[in-house]
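First up is the structure itself, then whatever we jot down about it.
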Amino acid sequence: MFELGVAPGVTFFEGERRGRFPFGNVLLLEGRDARLLVDTGAGDEVLEAVLGRGPVHIVFNTHYHIDHVRGNARFRGAVFWCPEGEAGAFSSEEEFFQLSGWDLVGTETARSVLSGLGWRPTPVARELADGEVLDLGGLSAAVVRLPGHTPGHSGLVLEDKGILFTADIDFSRFGPWYGDVHSSVDDYLASVRRLTALAAAGPGFETVLTSHRRPLTREAFAAGLAAFENHFELREEKVLSVLAAEGPLTLTELTARWPIYGPRSELHPGLYKAEFFMLQHHLDRLARAGKVERVPGAAGSATDGAGPESVPGAAERGSAPEAAGPGSDRVDSYGGGDLWRKR
Ligand SMILES: [Zn+2]
């Protein structure tokens, strides 16, 4: 287990499997008046170590994703805070599906995968807005809203300690991730630029903490952000080249070609869902730029059977197909049958 006292009252705990999904790092802030834990996805052993330091009074979940909330149930005595606009996705499975689009792979498949990973409803006591300051007594942190990954995805700034916590803007092997229904490429880019400006402001932040990597220096973080921006362009070039060679294609057909993550030997339904919605966000963005267009009248008319019902690995994971095929009705309602071509 990797645990690091970053500054007085600020302790970083690396999640199990080096903080890789479905785990994540957590940050414990201990003030005179309260002990606050940022995220709970670190795994049982790590959370035991956190609780060994004393009771946690407040849990702040940086967003509603499973690898950030899966340990919430262990903190029964705590109140739960989340970013503004996301409380429903914590407390209600229905609203969780509405924001995340997990039901694309079939409601039962989604339920089975998520409950296997430990998703349980969390009652949220307070939603936090951008800039809100959390005063724990002699230790304070300000919320920095970094949308795009999810609509409310937020980090924390501990200005007097020179620490920035950026949650899932973290240079993991997934690259920039915006695979939910209400994720946004433009918002993600704006968040990257906001962080670039913060990292450049001197003397500023000497330590950058993230959800899936070990602590980074400001220089390493700034270099990572610069490289990050290229991902978006490369992905759009890939989408355009697939459409040029094989288009027009429905969103479902395009997803089956895996232009973003590439064909995988072992596929998690969540990876399929992410590929689908990330492509959808790119297509919408490319359409606004006049580079692709939706073929009129084709919406919902074409699926080629390569949808999530054929996601390899789904059956072995105990997610039995639903009667109509997992998510087949949801695929169309999410635009899987929309036909796209390069302009
Ligand atoms: Zn996330």
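Chain labels run A, B, ... following the order of the structure tokens; each chain numbers its residues from 1, and ligands are numbered from 1 in the order shown.
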
Next on the checklist: Just want the 6 Å neighbourhood of range 157-172 of chain A, counted on only C-alpha atoms, with same-chain residues fewer than 4 positions away dropped. Output as a VMD selection string.
Outcome noted: chain A and resid 141 to 142 204 to 211

Could you save the residues just selected, with all heavy atoms, as a PDB file, in the first residue's frame?
ATOM      1  N   ALA A 141      -9.948  23.881   1.468  1.00  0.00           N
ATOM      2  CA  ALA A 141      -9.803  23.479   0.067  1.00  0.00           C
ATOM      3  C   ALA A 141     -10.936  24.115  -0.722  1.00  0.00           C
ATOM      4  O   ALA A 141     -12.059  24.220  -0.221  1.00  0.00           O
ATOM      5  CB  ALA A 141      -9.869  21.958  -0.053  1.00  0.00           C
ATOM      6  N   ALA A 142     -10.643  24.538  -1.940  1.00  0.00           N
ATOM      7  CA  ALA A 142     -11.671  25.138  -2.791  1.00  0.00           C
ATOM      8  C   ALA A 142     -12.021  24.184  -3.917  1.00  0.00           C
ATOM      9  O   ALA A 142     -11.140  23.520  -4.487  1.00  0.00           O
ATOM     10  CB  ALA A 142     -11.176  26.461  -3.366  1.00  0.00           C
ATOM     11  N   GLY A 204       2.364  28.965  -7.349  1.00  0.00           N
ATOM     12  CA  GLY A 204       1.337  27.962  -7.630  1.00  0.00           C
ATOM     13  C   GLY A 204       1.536  26.604  -7.012  1.00  0.00           C
ATOM     14  O   GLY A 204       1.928  26.482  -5.858  1.00  0.00           O
ATOM     15  N   PHE A 205       1.277  25.582  -7.825  1.00  0.00           N
ATOM     16  CA  PHE A 205       1.099  24.239  -7.294  1.00  0.00           C
ATOM     17  C   PHE A 205       2.335  23.382  -7.545  1.00  0.00           C
ATOM     18  O   PHE A 205       2.708  23.140  -8.669  1.00  0.00           O
ATOM     19  CB  PHE A 205      -0.130  23.606  -7.935  1.00  0.00           C
ATOM     20  CG  PHE A 205      -1.346  24.472  -7.712  1.00  0.00           C
ATOM     21  CD1 PHE A 205      -1.778  25.350  -8.688  1.00  0.00           C
ATOM     22  CD2 PHE A 205      -2.004  24.436  -6.503  1.00  0.00           C
ATOM     23  CE1 PHE A 205      -2.864  26.170  -8.455  1.00  0.00           C
ATOM     24  CE2 PHE A 205      -3.086  25.261  -6.263  1.00  0.00           C
ATOM     25  CZ  PHE A 205      -3.521  26.126  -7.244  1.00  0.00           C
ATOM     26  N   GLU A 206       2.919  22.942  -6.480  1.00  0.00           N
ATOM     27  CA  GLU A 206       4.118  22.108  -6.605  1.00  0.00           C
ATOM     28  C   GLU A 206       3.753  20.639  -6.735  1.00  0.00           C
ATOM     29  O   GLU A 206       4.517  19.846  -7.258  1.00  0.00           O
ATOM     30  CB  GLU A 206       5.042  22.334  -5.409  1.00  0.00           C
ATOM     31  CG  GLU A 206       5.682  23.723  -5.412  1.00  0.00           C
ATOM     32  CD  GLU A 206       6.273  24.089  -6.769  1.00  0.00           C
ATOM     33  OE1 GLU A 206       6.950  23.240  -7.388  1.00  0.00           O
ATOM     34  OE2 GLU A 206       6.032  25.223  -7.232  1.00  0.00           O
ATOM     35  N   THR A 207       2.585  20.270  -6.221  1.00  0.00           N
ATOM     36  CA  THR A 207       2.188  18.863  -6.252  1.00  0.00           C
ATOM     37  C   THR A 207       0.806  18.735  -6.862  1.00  0.00           C
ATOM     38  O   THR A 207      -0.128  19.441  -6.471  1.00  0.00           O
ATOM     39  CB  THR A 207       2.133  18.287  -4.819  1.00  0.00           C
ATOM     40  OG1 THR A 207       3.380  18.554  -4.182  1.00  0.00           O
ATOM     41  CG2 THR A 207       1.888  16.784  -4.838  1.00  0.00           C
ATOM     42  N   VAL A 208       0.690  17.839  -7.827  1.00  0.00           N
ATOM     43  CA  VAL A 208      -0.610  17.567  -8.437  1.00  0.00           C
ATOM     44  C   VAL A 208      -0.985  16.129  -8.124  1.00  0.00           C
ATOM     45  O   VAL A 208      -0.227  15.192  -8.396  1.00  0.00           O
ATOM     46  CB  VAL A 208      -0.585  17.811  -9.959  1.00  0.00           C
ATOM     47  CG1 VAL A 208      -1.949  17.494 -10.569  1.00  0.00           C
ATOM     48  CG2 VAL A 208      -0.187  19.252 -10.263  1.00  0.00           C
ATOM     49  N   LEU A 209      -2.151  15.963  -7.514  1.00  0.00           N
ATOM     50  CA  LEU A 209      -2.654  14.645  -7.152  1.00  0.00           C
ATOM     51  C   LEU A 209      -3.817  14.303  -8.067  1.00  0.00           C
ATOM     52  O   LEU A 209      -4.612  15.173  -8.430  1.00  0.00           O
ATOM     53  CB  LEU A 209      -3.128  14.648  -5.693  1.00  0.00           C
ATOM     54  CG  LEU A 209      -2.091  15.123  -4.669  1.00  0.00           C
ATOM     55  CD1 LEU A 209      -2.724  15.229  -3.282  1.00  0.00           C
ATOM     56  CD2 LEU A 209      -0.906  14.167  -4.632  1.00  0.00           C
ATOM     57  N   THR A 210      -3.906  13.023  -8.447  1.00  0.00           N
ATOM     58  CA  THR A 210      -4.967  12.594  -9.341  1.00  0.00           C
ATOM     59  C   THR A 210      -5.555  11.279  -8.835  1.00  0.00           C
ATOM     60  O   THR A 210      -5.029  10.678  -7.899  1.00  0.00           O
ATOM     61  CB  THR A 210      -4.442  12.379 -10.780  1.00  0.00           C
ATOM     62  OG1 THR A 210      -3.650  11.186 -10.799  1.00  0.00           O
ATOM     63  CG2 THR A 210      -3.597  13.546 -11.262  1.00  0.00           C
ATOM     64  N   SER A 211      -6.605  10.837  -9.497  1.00  0.00           N
ATOM     65  CA  SER A 211      -7.332   9.652  -9.024  1.00  0.00           C
ATOM     66  C   SER A 211      -6.681   8.331  -9.410  1.00  0.00           C
ATOM     67  O   SER A 211      -6.972   7.310  -8.790  1.00  0.00           O
ATOM     68  CB  SER A 211      -8.759   9.665  -9.570  1.00  0.00           C
ATOM     69  OG  SER A 211      -9.471  10.740  -9.010  1.00  0.00           O
TER      70      SER A 211
END

Item to check | Test item: residues at most 9 Å from range 183-191 of chain A, only C-alpha atoms, excluding those fewer than 5 positions along its chain, as a ChimeraX atom specification | outcome: /A:99-100,145-151,169,176-178,196,229,232,277-278,281-282,285

Mind writing the picked residues with C-alpha atoms as a compact mmCIF listing (two decimals), in the first residue's frame?
# COMPACT_ATOMS: atom_id res chain seq x y z
CA LEU A 99 -26.47 10.70 -16.85
CA SER A 100 -24.12 7.81 -17.59
CA ARG A 145 -15.21 22.39 -11.39
CA LEU A 146 -13.64 20.49 -14.30
CA PRO A 147 -16.57 19.29 -16.43
CA GLY A 148 -16.41 17.20 -19.58
CA HIS A 149 -15.59 13.81 -18.05
CA THR A 150 -18.98 14.10 -16.35
CA PRO A 151 -21.10 17.28 -16.20
CA ILE A 169 -7.94 14.36 -15.49
CA PRO A 176 -9.17 11.67 -21.91
CA TRP A 177 -12.45 9.90 -21.17
CA TYR A 178 -15.86 11.37 -21.99
CA THR A 196 -3.01 24.43 -17.87
CA GLU A 229 -4.88 17.95 -26.10
CA PHE A 232 -8.86 14.80 -29.23
CA PHE A 277 -20.73 7.75 -26.46
CA MET A 278 -17.25 9.15 -27.10
CA HIS A 281 -19.71 13.29 -28.93
CA HIS A 282 -17.03 13.47 -31.63
CA ARG A 285 -18.67 18.07 -32.66

Item to check | Å distance separating CA of Trp258 in chain A from atom 1 (Zn, counted along the ligand's line) of ligand 1, one decimal place | outcome: 20.5 Å

Checklist entry - DSSP on the backbone: what in range 67-293 of chain A comes out strand (DSSP E), as a PyMOL selection string? => result chain A and resi 79-83+126-128+133-135+140-145+154-158+163-165+207-209+216-217+249-250+292-293

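Proximity to ligand 1 was assessed for A:Gly43, A:Pro296, A:Gly152, A:Gly85 counting only C-alpha atoms and all ligand atoms; the smallest distance is recorded for A:Gly152.
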
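The space separating CA of Asp338 in chain A from CA of Val292 in chain A comes to 12.4 Å.
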
Checklist entry - Quick one: residues within 8 Å of range 64-76 of chain A, only C-alpha atoms counted, chain neighbours fewer than 6 positions away excluded, as an NGL selection string? => result :A and (21-24 or 39-44 or 47 or 56 or 82 or 86 or 89-90 or 96 or 114 or 117-120 or 122)

Next on the checklist: Calculated over only C-alpha atoms and all ligand atoms, which of the candidates A:Gly297, A:Pro269, A:Gly175, A:Gly337 has the smallest distance to ligand 1?
Outcome noted: A:Gly175

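For the choices A:Ala274, A:Leu37, A:Val331, A:Leu139, the atom-to-atom distance to ligand 1 is smallest for A:Ala274 when using only C-alpha atoms and all ligand atoms.
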
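Each of A:Lys273, A:Arg218, A:Arg32, A:His153 was compared to ligand 1 using only C-alpha atoms and all ligand atoms, and A:His153 turns out to be the nearest.
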
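Remark: for Glu45 in chain A, the closest of the candidate residues A:Met1, A:Ser91, A:Pro83, A:Glu30 is A:Met1 (distances computed over only C-alpha atoms).
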
Checklist entry - Skipping near chain neighbours, those fewer than 2 positions away, what residues fall within 12 Å of Glu237 in chain A using only C-alpha atoms, listed as a ChimeraX atom specification? => result /A:230-235,239-244,259-260,279,282-283,286,291-292,342

Just write the chosen residues, N, CA and C atoms, as an mmCIF file, in the first residue's frame.
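Final file, again_36.cif:
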data_model
loop_
_atom_site.group_PDB
_atom_site.id
_atom_site.type_symbol
_atom_site.label_atom_id
_atom_site.label_comp_id
_atom_site.auth_asym_id
_atom_site.auth_seq_id
_atom_site.Cartn_x
_atom_site.Cartn_y
_atom_site.Cartn_z
ATOM 1 N N ASN A 230 -3.651 16.616 -27.750
ATOM 2 C CA ASN A 230 -3.516 15.963 -29.058
ATOM 3 C C ASN A 230 -4.467 14.784 -29.234
ATOM 4 N N HIS A 231 -4.822 14.145 -28.096
ATOM 5 C CA HIS A 231 -5.697 12.981 -28.183
ATOM 6 C C HIS A 231 -6.981 13.298 -28.949
ATOM 7 N N PHE A 232 -7.564 14.461 -28.647
ATOM 8 C CA PHE A 232 -8.861 14.798 -29.229
ATOM 9 C C PHE A 232 -8.751 14.863 -30.754
ATOM 10 N N GLU A 233 -7.691 15.527 -31.210
ATOM 11 C CA GLU A 233 -7.497 15.699 -32.650
ATOM 12 C C GLU A 233 -7.233 14.355 -33.335
ATOM 13 N N LEU A 234 -6.375 13.544 -32.706
ATOM 14 C CA LEU A 234 -6.061 12.236 -33.298
ATOM 15 C C LEU A 234 -7.318 11.370 -33.401
ATOM 16 N N ARG A 235 -8.150 11.418 -32.370
ATOM 17 C CA ARG A 235 -9.369 10.613 -32.397
ATOM 18 C C ARG A 235 -10.308 11.084 -33.506
ATOM 19 N N VAL A 239 -11.781 8.972 -36.739
ATOM 20 C CA VAL A 239 -13.203 8.871 -37.081
ATOM 21 C C VAL A 239 -13.412 9.270 -38.542
ATOM 22 N N LEU A 240 -12.791 10.382 -38.931
ATOM 23 C CA LEU A 240 -12.951 10.857 -40.308
ATOM 24 C C LEU A 240 -12.383 9.854 -41.313
ATOM 25 N N SER A 241 -11.253 9.220 -40.974
ATOM 26 C CA SER A 241 -10.667 8.290 -41.949
ATOM 27 C C SER A 241 -11.512 7.019 -42.063
ATOM 28 N N VAL A 242 -12.095 6.555 -40.962
ATOM 29 C CA VAL A 242 -12.974 5.378 -41.054
ATOM 30 C C VAL A 242 -14.215 5.718 -41.884
ATOM 31 N N LEU A 243 -14.787 6.898 -41.655
ATOM 32 C CA LEU A 243 -15.978 7.278 -42.422
ATOM 33 C C LEU A 243 -15.644 7.471 -43.899
ATOM 34 N N ALA A 244 -14.445 8.020 -44.173
ATOM 35 C CA ALA A 244 -14.051 8.224 -45.569
ATOM 36 C C ALA A 244 -13.898 6.885 -46.280
ATOM 37 N N PRO A 259 -12.643 2.832 -33.391
ATOM 38 C CA PRO A 259 -11.588 3.778 -33.764
ATOM 39 C C PRO A 259 -10.860 4.414 -32.580
ATOM 40 N N ILE A 260 -11.474 4.444 -31.408
ATOM 41 C CA ILE A 260 -10.810 5.099 -30.274
ATOM 42 C C ILE A 260 -9.944 4.116 -29.490
ATOM 43 N N LEU A 279 -17.635 8.379 -29.376
ATOM 44 C CA LEU A 279 -17.789 8.583 -30.826
ATOM 45 C C LEU A 279 -18.961 9.521 -31.112
ATOM 46 N N HIS A 282 -17.904 13.001 -30.546
ATOM 47 C CA HIS A 282 -17.033 13.474 -31.633
ATOM 48 C C HIS A 282 -17.840 13.751 -32.902
ATOM 49 N N LEU A 283 -18.802 12.871 -33.230
ATOM 50 C CA LEU A 283 -19.606 13.085 -34.435
ATOM 51 C C LEU A 283 -20.392 14.397 -34.325
ATOM 52 N N LEU A 286 -17.895 17.166 -34.797
ATOM 53 C CA LEU A 286 -17.464 17.253 -36.199
ATOM 54 C C LEU A 286 -18.590 17.799 -37.073
ATOM 55 N N LYS A 291 -17.710 18.957 -40.782
ATOM 56 C CA LYS A 291 -16.844 17.910 -41.347
ATOM 57 C C LYS A 291 -17.558 16.577 -41.563
ATOM 58 N N VAL A 292 -18.645 16.355 -40.839
ATOM 59 C CA VAL A 292 -19.467 15.167 -41.082
ATOM 60 C C VAL A 292 -20.920 15.626 -41.093
ATOM 61 N N LYS A 342 -18.933 11.393 -44.039
ATOM 62 C CA LYS A 342 -17.962 12.483 -44.090
ATOM 63 C C LYS A 342 -18.424 13.488 -45.129
#

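Remark: for ligand 1, the closest of the candidate residues A:Glu236, A:Glu14, A:Glu275, A:Asp180 is A:Asp180 (distances computed over only C-alpha atoms and all ligand atoms).
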
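If you look at CA of Glu94 in chain A and CA of Ser154 in chain A, they are 22.2 Å away from each other.
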
Next on the checklist: Using DSSP assignments from the backbone, pull out every residue in range 1-248 of chain A that falls under alpha helix (DSSP H) and give it to me as a ChimeraX atom specification.
Outcome noted: /A:44-51,66-69,87-91,93-100,107-117,185-200,218-246

Checklist entry - Any idea what's packed within 10 Å of Gly335 in chain A, counting only C-alpha atoms, ignoring anything in its chain fewer than 4 positions away? Could you give it as a PyMOL selection string? => result chain A and resi 250-252+276-277+280+299-300+330-331+339
